[in-house]
>>> print(open('coords-v4.cif').read())   # mmCIF, C-alpha atoms
data_query
#
loop_
_atom_site.group_PDB
_atom_site.id
_atom_site.type_symbol
_atom_site.label_atom_id
_atom_site.label_comp_id
_atom_site.auth_asym_id
_atom_site.auth_seq_id
_atom_site.Cartn_x
_atom_site.Cartn_y
_atom_site.Cartn_z
ATOM 1 C CA MET A 1 -10.465 8.117 -22.137
ATOM 2 C CA ALA A 2 -7.790 7.945 -19.432
ATOM 3 C CA PRO A 3 -4.318 6.899 -20.682
ATOM 4 C CA TRP A 4 -4.255 4.078 -18.128
ATOM 5 C CA LYS A 5 -6.513 1.321 -16.866
ATOM 6 C CA ILE A 6 -6.937 -0.216 -13.409
ATOM 7 C CA GLU A 7 -6.387 -3.972 -13.247
ATOM 8 C CA ARG A 8 -5.824 -6.808 -10.796
ATOM 9 C CA CYS A 9 -2.201 -7.639 -9.996
ATOM 10 C CA THR A 10 -0.619 -11.071 -10.401
ATOM 11 C CA VAL A 11 2.638 -12.529 -9.075
ATOM 12 C CA GLU A 12 4.135 -11.917 -12.521
ATOM 13 C CA ASP A 13 4.010 -8.198 -11.667
ATOM 14 C CA ALA A 14 6.423 -8.606 -8.732
ATOM 15 C CA ALA A 15 9.517 -7.069 -10.327
ATOM 16 C CA VAL A 16 7.767 -4.075 -11.895
ATOM 17 C CA LEU A 17 5.823 -3.395 -8.699
ATOM 18 C CA ALA A 18 9.048 -3.493 -6.694
ATOM 19 C CA ARG A 19 10.515 -0.819 -8.955
ATOM 20 C CA ASN A 20 7.363 1.296 -8.893
ATOM 21 C CA ASN A 21 6.907 1.095 -5.129
ATOM 22 C CA MET A 22 10.507 1.551 -4.011
ATOM 23 C CA SER A 23 11.001 4.431 -6.459
ATOM 24 C CA ALA A 24 7.909 6.120 -5.016
ATOM 25 C CA PHE A 25 8.933 5.750 -1.383
ATOM 26 C CA TRP A 26 12.537 6.717 -2.101
ATOM 27 C CA GLU A 27 11.205 10.223 -2.741
ATOM 28 C CA ASP A 28 10.230 10.465 0.946
ATOM 29 C CA PRO A 29 13.229 11.637 3.019
ATOM 30 C CA THR A 30 11.637 10.313 6.216
ATOM 31 C CA TRP A 31 11.273 6.826 4.739
ATOM 32 C CA VAL A 32 14.892 6.894 3.560
ATOM 33 C CA LEU A 33 15.953 7.348 7.199
ATOM 34 C CA LEU A 34 14.802 3.784 7.880
ATOM 35 C CA TRP A 35 17.701 2.296 5.954
ATOM 36 C CA PRO A 36 21.382 1.904 6.883
ATOM 37 C CA GLU A 37 23.764 4.549 5.564
ATOM 38 C CA GLY A 38 24.877 3.739 2.044
ATOM 39 C CA THR A 39 21.665 1.966 1.046
ATOM 40 C CA THR A 40 20.693 2.809 -2.529
ATOM 41 C CA ARG A 41 17.354 2.860 -4.282
ATOM 42 C CA GLU A 42 18.484 0.167 -6.719
ATOM 43 C CA PHE A 43 19.523 -2.097 -3.852
ATOM 44 C CA LEU A 44 16.078 -1.764 -2.260
ATOM 45 C CA ILE A 45 14.353 -2.420 -5.590
ATOM 46 C CA GLU A 46 16.378 -5.606 -5.979
ATOM 47 C CA GLN A 47 15.602 -6.782 -2.436
ATOM 48 C CA CYS A 48 11.933 -5.837 -2.686
ATOM 49 C CA ALA A 49 11.624 -7.827 -5.915
ATOM 50 C CA LYS A 50 12.754 -10.927 -4.002
ATOM 51 C CA ARG A 51 9.965 -10.392 -1.446
ATOM 52 C CA GLN A 52 7.134 -9.071 -3.585
ATOM 53 C CA ALA A 53 5.476 -12.236 -4.898
ATOM 54 C CA HIS A 54 5.492 -13.890 -1.466
ATOM 55 C CA ASN A 55 4.036 -10.763 0.131
ATOM 56 C CA MET A 56 1.312 -10.524 -2.495
ATOM 57 C CA LEU A 57 0.158 -14.057 -1.730
ATOM 58 C CA ARG A 58 -0.103 -13.504 2.023
ATOM 59 C CA ASP A 59 -3.616 -13.376 3.446
ATOM 60 C CA ARG A 60 -5.407 -13.645 0.101
ATOM 61 C CA GLU A 61 -8.703 -13.804 2.005
ATOM 62 C CA HIS A 62 -8.499 -10.202 3.166
ATOM 63 C CA THR A 63 -6.045 -8.481 0.813
ATOM 64 C CA ARG A 64 -6.688 -6.999 -2.609
ATOM 65 C CA HIS A 65 -4.151 -5.548 -5.059
ATOM 66 C CA LEU A 66 -4.611 -3.114 -7.953
ATOM 67 C CA LYS A 67 -2.235 -1.763 -10.576
ATOM 68 C CA ALA A 68 -2.555 1.149 -12.967
ATOM 69 C CA VAL A 69 -1.352 0.242 -16.459
ATOM 70 C CA ASP A 70 -0.421 2.658 -19.235
ATOM 71 C CA VAL A 71 -2.708 1.686 -22.130
ATOM 72 C CA ASN A 72 -0.144 2.731 -24.733
ATOM 73 C CA THR A 73 2.986 1.063 -23.354
ATOM 74 C CA GLY A 74 1.591 -1.628 -21.075
ATOM 75 C CA SER A 75 3.830 -0.349 -18.280
ATOM 76 C CA VAL A 76 2.726 -0.468 -14.644
ATOM 77 C CA VAL A 77 2.544 3.133 -13.402
ATOM 78 C CA GLY A 78 0.897 2.784 -9.986
ATOM 79 C CA TYR A 79 -0.162 0.342 -7.289
ATOM 80 C CA SER A 80 -2.575 0.114 -4.356
ATOM 81 C CA ARG A 81 -3.199 -2.510 -1.686
ATOM 82 C CA TRP A 82 -6.489 -2.833 0.184
ATOM 83 C CA ILE A 83 -7.517 -4.888 3.207
ATOM 84 C CA LEU A 84 -11.067 -6.095 3.745
ATOM 85 C CA PRO A 85 -12.493 -6.480 7.253
ATOM 86 C CA SER A 86 -13.297 -10.065 8.238
ATOM 87 C CA SER A 87 -16.999 -9.186 8.083
ATOM 88 C CA HIS A 88 -16.746 -8.537 4.332
ATOM 89 C CA ILE A 89 -14.402 -11.155 2.887
ATOM 90 C CA LEU A 90 -17.264 -13.081 1.270
ATOM 91 C CA ALA A 91 -19.736 -11.844 -1.321
ATOM 92 C CA SER A 92 -23.440 -12.663 -1.209
ATOM 93 C CA ASP A 93 -22.874 -15.665 -3.508
ATOM 94 C CA GLY A 94 -20.326 -17.134 -1.086
ATOM 95 C CA GLY A 95 -17.324 -16.309 -3.280
ATOM 96 C CA PRO A 96 -14.535 -13.873 -2.469
ATOM 97 C CA GLN A 97 -15.586 -10.263 -2.064
ATOM 98 C CA TRP A 98 -14.059 -7.979 -4.720
ATOM 99 C CA HIS A 99 -12.594 -11.032 -6.450
ATOM 100 C CA GLU A 100 -11.533 -8.852 -9.380
ATOM 101 C CA ALA A 101 -8.682 -7.527 -7.209
ATOM 102 C CA GLN A 102 -7.655 -10.775 -5.520
ATOM 103 C CA ILE A 103 -4.243 -12.177 -6.469
ATOM 104 C CA PRO A 104 -4.736 -15.423 -8.422
ATOM 105 C CA ASP A 105 -3.512 -18.395 -6.428
ATOM 106 C CA VAL A 106 -0.419 -20.368 -7.449
ATOM 107 C CA SER A 107 0.862 -23.893 -6.893
ATOM 108 C CA ASN A 108 2.454 -24.996 -3.627
ATOM 109 C CA ASP A 109 5.790 -25.370 -5.421
ATOM 110 C CA GLN A 110 5.607 -21.757 -6.547
ATOM 111 C CA LYS A 111 4.692 -20.638 -3.044
ATOM 112 C CA ARG A 112 7.736 -22.421 -1.621
ATOM 113 C CA SER A 113 9.947 -20.847 -4.274
ATOM 114 C CA PHE A 114 8.585 -17.360 -3.534
ATOM 115 C CA GLU A 115 9.064 -17.894 0.200
ATOM 116 C CA GLU A 116 12.690 -18.953 -0.299
ATOM 117 C CA SER A 117 13.278 -15.884 -2.427
ATOM 118 C CA ALA A 118 11.730 -13.626 0.230
ATOM 119 C CA LEU A 119 13.896 -15.148 2.965
ATOM 120 C CA SER A 120 17.016 -14.428 0.901
ATOM 121 C CA ALA A 121 16.284 -10.678 0.768
ATOM 122 C CA GLN A 122 18.289 -8.240 2.857
ATOM 123 C CA TRP A 123 15.599 -6.141 4.509
ATOM 124 C CA ASP A 124 17.064 -4.875 7.769
ATOM 125 C CA THR A 125 16.162 -1.335 8.818
ATOM 126 C CA ARG A 126 17.984 0.871 11.314
ATOM 127 C CA SER A 127 16.889 0.148 14.881
ATOM 128 C CA GLY A 128 16.041 3.742 15.880
ATOM 129 C CA PRO A 129 13.904 4.951 12.964
ATOM 130 C CA SER A 130 12.099 1.609 12.807
ATOM 131 C CA SER A 131 10.067 2.836 15.798
ATOM 132 C CA MET A 132 8.868 6.023 14.085
ATOM 133 C CA ASP A 133 5.443 4.533 13.358
ATOM 134 C CA ASP A 134 4.789 3.263 16.898
ATOM 135 C CA LYS A 135 2.585 6.252 17.770
ATOM 136 C CA ASN A 136 0.852 5.992 14.417
ATOM 137 C CA TYR A 137 -0.040 2.352 15.022
ATOM 138 C CA VAL A 138 -1.702 3.289 18.321
ATOM 139 C CA VAL A 139 -3.960 5.814 16.568
ATOM 140 C CA MET A 140 -4.604 3.472 13.649
ATOM 141 C CA ASP A 141 -5.610 0.597 15.921
ATOM 142 C CA ARG A 142 -7.980 2.854 17.854
ATOM 143 C CA ILE A 143 -9.735 3.942 14.666
ATOM 144 C CA LEU A 144 -9.880 0.514 13.054
ATOM 145 C CA THR A 145 -11.390 -1.075 16.161
ATOM 146 C CA SER A 146 -14.159 1.541 16.239
ATOM 147 C CA GLY A 147 -15.964 -0.052 13.280
ATOM 148 C CA SER A 148 -15.541 -2.011 10.037
ATOM 149 C CA TYR A 149 -13.417 -0.330 7.368
ATOM 150 C CA LEU A 150 -11.969 -1.080 3.978
ATOM 151 C CA LYS A 151 -8.356 -0.154 4.667
ATOM 152 C CA LEU A 152 -6.186 1.460 2.017
ATOM 153 C CA ASP A 153 -2.923 -0.094 3.145
ATOM 154 C CA TYR A 154 -0.506 1.038 0.421
ATOM 155 C CA LEU A 155 -0.484 3.545 -2.420
ATOM 156 C CA ALA A 156 2.493 4.168 -4.684
ATOM 157 C CA VAL A 157 2.963 5.974 -7.987
ATOM 158 C CA HIS A 158 6.364 6.062 -9.675
ATOM 159 C CA PRO A 159 7.899 9.586 -9.485
ATOM 160 C CA GLU A 160 7.952 9.805 -13.280
ATOM 161 C CA ASN A 161 4.168 9.452 -13.307
ATOM 162 C CA LYS A 162 3.130 11.700 -10.429
ATOM 163 C CA GLY A 163 0.665 14.493 -11.061
ATOM 164 C CA LYS A 164 -1.204 12.608 -13.784
ATOM 165 C CA GLY A 165 -4.168 11.466 -11.697
ATOM 166 C CA ILE A 166 -2.988 7.867 -11.342
ATOM 167 C CA GLY A 167 -3.113 7.840 -7.547
ATOM 168 C CA THR A 168 -6.559 9.423 -7.696
ATOM 169 C CA ALA A 169 -7.765 6.726 -10.096
ATOM 170 C CA LEU A 170 -6.486 3.932 -7.851
ATOM 171 C CA VAL A 171 -8.172 5.403 -4.778
ATOM 172 C CA ALA A 172 -11.372 6.107 -6.720
ATOM 173 C CA GLU A 173 -11.575 2.425 -7.679
ATOM 174 C CA GLY A 174 -11.449 1.549 -3.991
ATOM 175 C CA ILE A 175 -14.160 4.112 -3.255
ATOM 176 C CA SER A 176 -16.385 2.498 -5.883
ATOM 177 C CA GLN A 177 -15.941 -0.881 -4.226
ATOM 178 C CA SER A 178 -16.440 0.511 -0.713
ATOM 179 C CA GLU A 179 -19.719 2.105 -1.723
ATOM 180 C CA ARG A 180 -20.878 -1.154 -3.281
ATOM 181 C CA MET A 181 -20.010 -2.960 -0.015
ATOM 182 C CA ARG A 182 -21.376 -0.082 2.098
ATOM 183 C CA LEU A 183 -18.086 0.207 3.950
ATOM 184 C CA PRO A 184 -16.179 3.346 4.943
ATOM 185 C CA ILE A 185 -12.495 3.579 3.972
ATOM 186 C CA PHE A 186 -9.588 4.212 6.315
ATOM 187 C CA ALA A 187 -6.188 5.443 5.138
ATOM 188 C CA MET A 188 -3.073 6.702 6.872
ATOM 189 C CA ALA A 189 -1.851 9.447 4.557
ATOM 190 C CA TYR A 190 1.340 11.438 4.269
ATOM 191 C CA LYS A 191 1.601 15.096 3.376
ATOM 192 C CA ALA A 192 2.489 14.417 -0.265
ATOM 193 C CA GLY A 193 -0.735 12.479 -0.801
ATOM 194 C CA LEU A 194 -3.183 14.595 1.189
ATOM 195 C CA GLY A 195 -4.484 16.327 -1.914
ATOM 196 C CA ILE A 196 -5.731 13.045 -3.387
ATOM 197 C CA TYR A 197 -7.743 12.197 -0.305
ATOM 198 C CA THR A 198 -9.243 15.618 0.280
ATOM 199 C CA ARG A 199 -10.276 15.952 -3.377
ATOM 200 C CA LEU A 200 -12.051 12.609 -3.209
ATOM 201 C CA GLY A 201 -13.983 13.478 -0.061
ATOM 202 C CA PHE A 202 -11.938 11.935 2.746
ATOM 203 C CA LYS A 203 -12.040 13.658 6.129
ATOM 204 C CA GLU A 204 -9.119 13.922 8.519
ATOM 205 C CA VAL A 205 -10.006 12.367 11.885
ATOM 206 C CA ASP A 206 -6.595 12.554 13.600
ATOM 207 C CA ARG A 207 -2.936 13.270 12.972
ATOM 208 C CA VAL A 208 0.482 12.583 14.504
ATOM 209 C CA ILE A 209 3.343 15.013 13.863
ATOM 210 C CA GLN A 210 6.853 14.038 14.997
ATOM 211 C CA ASP A 211 10.196 15.834 14.920
ATOM 212 C CA ILE A 212 12.513 13.615 12.868
ATOM 213 C CA SER A 213 15.724 15.143 14.230
ATOM 214 C CA GLN A 214 15.655 12.325 16.806
ATOM 215 C CA TRP A 215 16.373 9.929 13.924
ATOM 216 C CA GLY A 216 18.916 12.106 12.167
ATOM 217 C CA GLY A 217 16.549 13.878 9.807
ATOM 218 C CA VAL A 218 15.434 17.460 9.336
ATOM 219 C CA GLY A 219 11.849 18.644 9.733
ATOM 220 C CA VAL A 220 8.785 16.677 10.773
ATOM 221 C CA TYR A 221 7.101 13.387 9.957
ATOM 222 C CA GLY A 222 3.364 13.827 9.589
ATOM 223 C CA ALA A 223 0.817 11.024 9.509
ATOM 224 C CA TYR A 224 -2.772 12.017 8.699
ATOM 225 C CA PHE A 225 -5.591 9.606 9.472
ATOM 226 C CA MET A 226 -8.293 9.879 6.842
ATOM 227 C CA VAL A 227 -11.783 8.374 6.579
ATOM 228 C CA TYR A 228 -14.178 8.250 3.647
ATOM 229 C CA GLY A 229 -17.835 7.543 4.290
ATOM 230 C CA THR A 230 -19.897 6.963 7.417
ATOM 231 C CA VAL A 231 -18.758 4.607 10.150
ATOM 232 C CA ASP A 232 -21.243 2.251 11.771
ATOM 233 C CA GLY A 233 -19.961 1.748 15.293
#
>>> encode(input="coords-v4.cif", output="structure tokens")
Amino acid sequence: MAPWKIERCTVEDAAVLARNNMSAFWEDPTWVLLWPEGTTREFLIEQCAKRQAHNMLRDREHTRHLKAVDVNTGSVVGYSRWILPSSHILASDGGPQWHEAQIPDVSNDQKRSFEESALSAQWDTRSGPSSMDDKNYVVMDRILTSGSYLKLDYLAVHPENKGKGIGTALVAEGISQSERMRLPIFAMAYKAGLGIYTRLGFKEVDRVIQDISQWGGVGVYGAYFMVYGTVDG
């Protein structure tokens, strides 16, 4: 038995997901370039926590959220976010598709409170590096408009838990759902996560490699566009 289980997220997970996600992305030197000099990981965790619940409640129709939970400690050790195409937001019974991963709704008062919290967050990136994904969005849009996909929009495993198969388990859960819905999966991957996708049967359909010296970094920023399954045009 795996030492973790895959579950639906709730707004009560906001703070722990902020720590998991920001800690994961802080390991990426290209991502760190987005932030003003002097920004710390703890500062971003604090600001992300203010935004997380509001973000999780946005577009509940299309968006699904999963967490990996350590069965011994109850700690959240990984997270993934998925986006359904409009053609697949409803199940055959008329209810939400993949309802097991849909964030439970909250009251209007809670929504207003979460929105106020999100607006109070300091989330301003540097102007130059904020354009580093412009070319990636062009490729992504081209692929996503070629057919209907289940999109893996976000995958994060805390650095302390990397290499344990948690990311693989989160992606595998999405694969199980995509096969049930007869949908291919699209993901924009980074070099650190390529192994997960290739092991699970994803195929690279395009890539964008950019020199990050233009934003003050060293090396390259690679985005790898991965597809699992067959696309019906």
>>> closest_residue(input="coords-v4.cif", among="A:Glu7, A:Phe114, A:Tyr79, A:Ala49", to="Val157 in chain A", atoms="only C-alpha atoms")
A:Tyr79
>>> atom_distance(input="coords-v4.cif", atom1="CA of Val71 in chain A", atom2="CA of Pro159 in chain A")
18.3 Å
>>> closest_atom_pairs(input="coords-v4.cif", of="range 35-140 of chain A", to="range 192-209 of chain A", cutoff="9 Å", atoms="all atoms listed in the file", output="CSV")
residue,atom,partner,partner_atom,distance
A:Lys135,CA,A:Val208,CA,7.4
A:Asn136,CA,A:Val208,CA,6.6
A:Val139,CA,A:Asp206,CA,7.8
>>> closest_atom_pairs(input="coords-v4.cif", of="range 158-192 of chain A", to="range 22-44 of chain A", cutoff="12 Å", atoms="only C-alpha atoms", output="CSV")
residue,atom,partner,partner_atom,distance
A:His158,CA,A:Ala24,CA,4.9
A:Pro159,CA,A:Ala24,CA,5.7
A:Glu160,CA,A:Ala24,CA,9.0
A:Asn161,CA,A:Ala24,CA,9.7
A:Lys162,CA,A:Ala24,CA,9.1
A:Gly167,CA,A:Ala24,CA,11.4
A:Tyr190,CA,A:Asp28,CA,9.5
A:Lys191,CA,A:Asp28,CA,10.1
A:Ala192,CA,A:Asp28,CA,8.8
>>> write_last_selection(input="coords-v4.cif", atoms="C-alpha atoms", output="PDB file, in the coordinates of the input")
ATOM      1  CA  HIS A 158       6.364   6.062  -9.675  1.00  0.00           C
ATOM      2  CA  PRO A 159       7.899   9.586  -9.485  1.00  0.00           C
ATOM      3  CA  GLU A 160       7.952   9.805 -13.280  1.00  0.00           C
ATOM      4  CA  ASN A 161       4.168   9.452 -13.307  1.00  0.00           C
ATOM      5  CA  LYS A 162       3.130  11.700 -10.429  1.00  0.00           C
ATOM      6  CA  GLY A 167      -3.113   7.840  -7.547  1.00  0.00           C
ATOM      7  CA  TYR A 190       1.340  11.438   4.269  1.00  0.00           C
ATOM      8  CA  LYS A 191       1.601  15.096   3.376  1.00  0.00           C
ATOM      9  CA  ALA A 192       2.489  14.417  -0.265  1.00  0.00           C
TER      10      ALA A 192
END
>>> resolve_selection(input="coords-v4.cif", expression="the PyMOL selection byres ((chain A and resi 187) around 10)", output="PyMOL selection string")
chain A and resi 82+140+149-155+185-186+188-190+197+202+204+223-228
>>> atom_distance(input="coords-v4.cif", atom1="CA of Ala118 in chain A", atom2="CA of Gln52 in chain A")
7.5 Å
>>> resolve_selection(input="coords-v4.cif", expression="the PyMOL selection byres ((chain A and resi 6) around 8)", output="MDAnalysis selection string")
chainID A and resid 4:5 7:8 66:69 169:170 173
>>> residues_around(input="coords-v4.cif", residues="Glu115 in chain A", least_positions_apart="2", cutoff="10 Å", atoms="only C-alpha atoms", output="ChimeraX atom specification")
/A:50-55,57,109-113,117-120
>>> build_atoms(input="coords-v4.cif", residues="range 165-188 of chain A", atoms="N, CA, C and O atoms", output="short mmCIF file (atom, residue, chain, number, x, y, z; two decimals), keeping the file's coordinate frame")
data_model
loop_
_atom_site.label_atom_id
_atom_site.label_comp_id
_atom_site.auth_asym_id
_atom_site.auth_seq_id
_atom_site.Cartn_x
_atom_site.Cartn_y
_atom_site.Cartn_z
N GLY A 165 -2.88 11.99 -12.12
CA GLY A 165 -4.17 11.47 -11.70
C GLY A 165 -4.20 9.97 -11.47
O GLY A 165 -5.27 9.39 -11.26
N ILE A 166 -3.04 9.33 -11.49
CA ILE A 166 -2.99 7.87 -11.34
C ILE A 166 -3.35 7.46 -9.92
O ILE A 166 -4.16 6.53 -9.71
N GLY A 167 -2.77 8.13 -8.93
CA GLY A 167 -3.11 7.84 -7.55
C GLY A 167 -4.59 8.06 -7.29
O GLY A 167 -5.26 7.26 -6.62
N THR A 168 -5.13 9.13 -7.84
CA THR A 168 -6.56 9.42 -7.70
C THR A 168 -7.41 8.31 -8.29
O THR A 168 -8.41 7.88 -7.70
N ALA A 169 -7.01 7.80 -9.45
CA ALA A 169 -7.76 6.73 -10.10
C ALA A 169 -7.73 5.44 -9.27
O ALA A 169 -8.74 4.73 -9.16
N LEU A 170 -6.60 5.13 -8.68
CA LEU A 170 -6.49 3.93 -7.85
C LEU A 170 -7.36 4.05 -6.60
O LEU A 170 -8.04 3.08 -6.22
N VAL A 171 -7.34 5.22 -5.97
CA VAL A 171 -8.17 5.40 -4.78
C VAL A 171 -9.65 5.42 -5.16
O VAL A 171 -10.49 4.85 -4.45
N ALA A 172 -9.97 6.04 -6.28
CA ALA A 172 -11.37 6.11 -6.72
C ALA A 172 -11.94 4.71 -6.98
O ALA A 172 -13.12 4.46 -6.72
N GLU A 173 -11.11 3.81 -7.47
CA GLU A 173 -11.58 2.42 -7.68
C GLU A 173 -11.93 1.79 -6.34
O GLU A 173 -12.94 1.07 -6.24
N GLY A 174 -11.12 2.05 -5.31
CA GLY A 174 -11.45 1.55 -3.99
C GLY A 174 -12.72 2.16 -3.44
O GLY A 174 -13.53 1.48 -2.79
N ILE A 175 -12.93 3.45 -3.70
CA ILE A 175 -14.16 4.11 -3.26
C ILE A 175 -15.38 3.45 -3.90
O ILE A 175 -16.39 3.20 -3.24
N SER A 176 -15.28 3.15 -5.18
CA SER A 176 -16.39 2.50 -5.88
C SER A 176 -16.73 1.17 -5.22
O SER A 176 -17.91 0.85 -5.01
N GLN A 177 -15.71 0.41 -4.87
CA GLN A 177 -15.94 -0.88 -4.23
C GLN A 177 -16.49 -0.70 -2.81
O GLN A 177 -17.37 -1.45 -2.37
N SER A 178 -15.97 0.29 -2.09
CA SER A 178 -16.44 0.51 -0.71
C SER A 178 -17.91 0.91 -0.69
O SER A 178 -18.67 0.48 0.19
N GLU A 179 -18.32 1.69 -1.66
CA GLU A 179 -19.72 2.10 -1.72
C GLU A 179 -20.61 0.92 -2.09
O GLU A 179 -21.73 0.79 -1.57
N ARG A 180 -20.12 0.06 -2.94
CA ARG A 180 -20.88 -1.15 -3.28
C ARG A 180 -21.05 -2.04 -2.04
O ARG A 180 -22.11 -2.64 -1.83
N MET A 181 -19.97 -2.13 -1.22
CA MET A 181 -20.01 -2.96 -0.02
C MET A 181 -20.59 -2.22 1.19
O MET A 181 -20.73 -2.81 2.26
N ARG A 182 -20.87 -0.92 1.01
CA ARG A 182 -21.38 -0.08 2.10
C ARG A 182 -20.41 -0.07 3.28
O ARG A 182 -20.80 -0.22 4.44
N LEU A 183 -19.15 0.14 2.95
CA LEU A 183 -18.09 0.21 3.95
C LEU A 183 -17.38 1.56 3.86
O LEU A 183 -17.11 2.05 2.76
N PRO A 184 -17.05 2.18 4.99
CA PRO A 184 -16.18 3.35 4.94
C PRO A 184 -14.74 2.91 4.66
O PRO A 184 -14.40 1.72 4.79
N ILE A 185 -13.91 3.85 4.25
CA ILE A 185 -12.50 3.58 3.97
C ILE A 185 -11.64 4.28 5.01
O ILE A 185 -11.91 5.43 5.39
N PHE A 186 -10.60 3.60 5.45
CA PHE A 186 -9.59 4.21 6.32
C PHE A 186 -8.26 4.24 5.56
O PHE A 186 -7.89 3.27 4.89
N ALA A 187 -7.53 5.35 5.71
CA ALA A 187 -6.19 5.44 5.14
C ALA A 187 -5.31 6.29 6.05
O ALA A 187 -5.76 7.30 6.59
N MET A 188 -4.07 5.86 6.22
CA MET A 188 -3.07 6.70 6.87
C MET A 188 -2.29 7.39 5.76
O MET A 188 -1.59 6.73 4.98
#
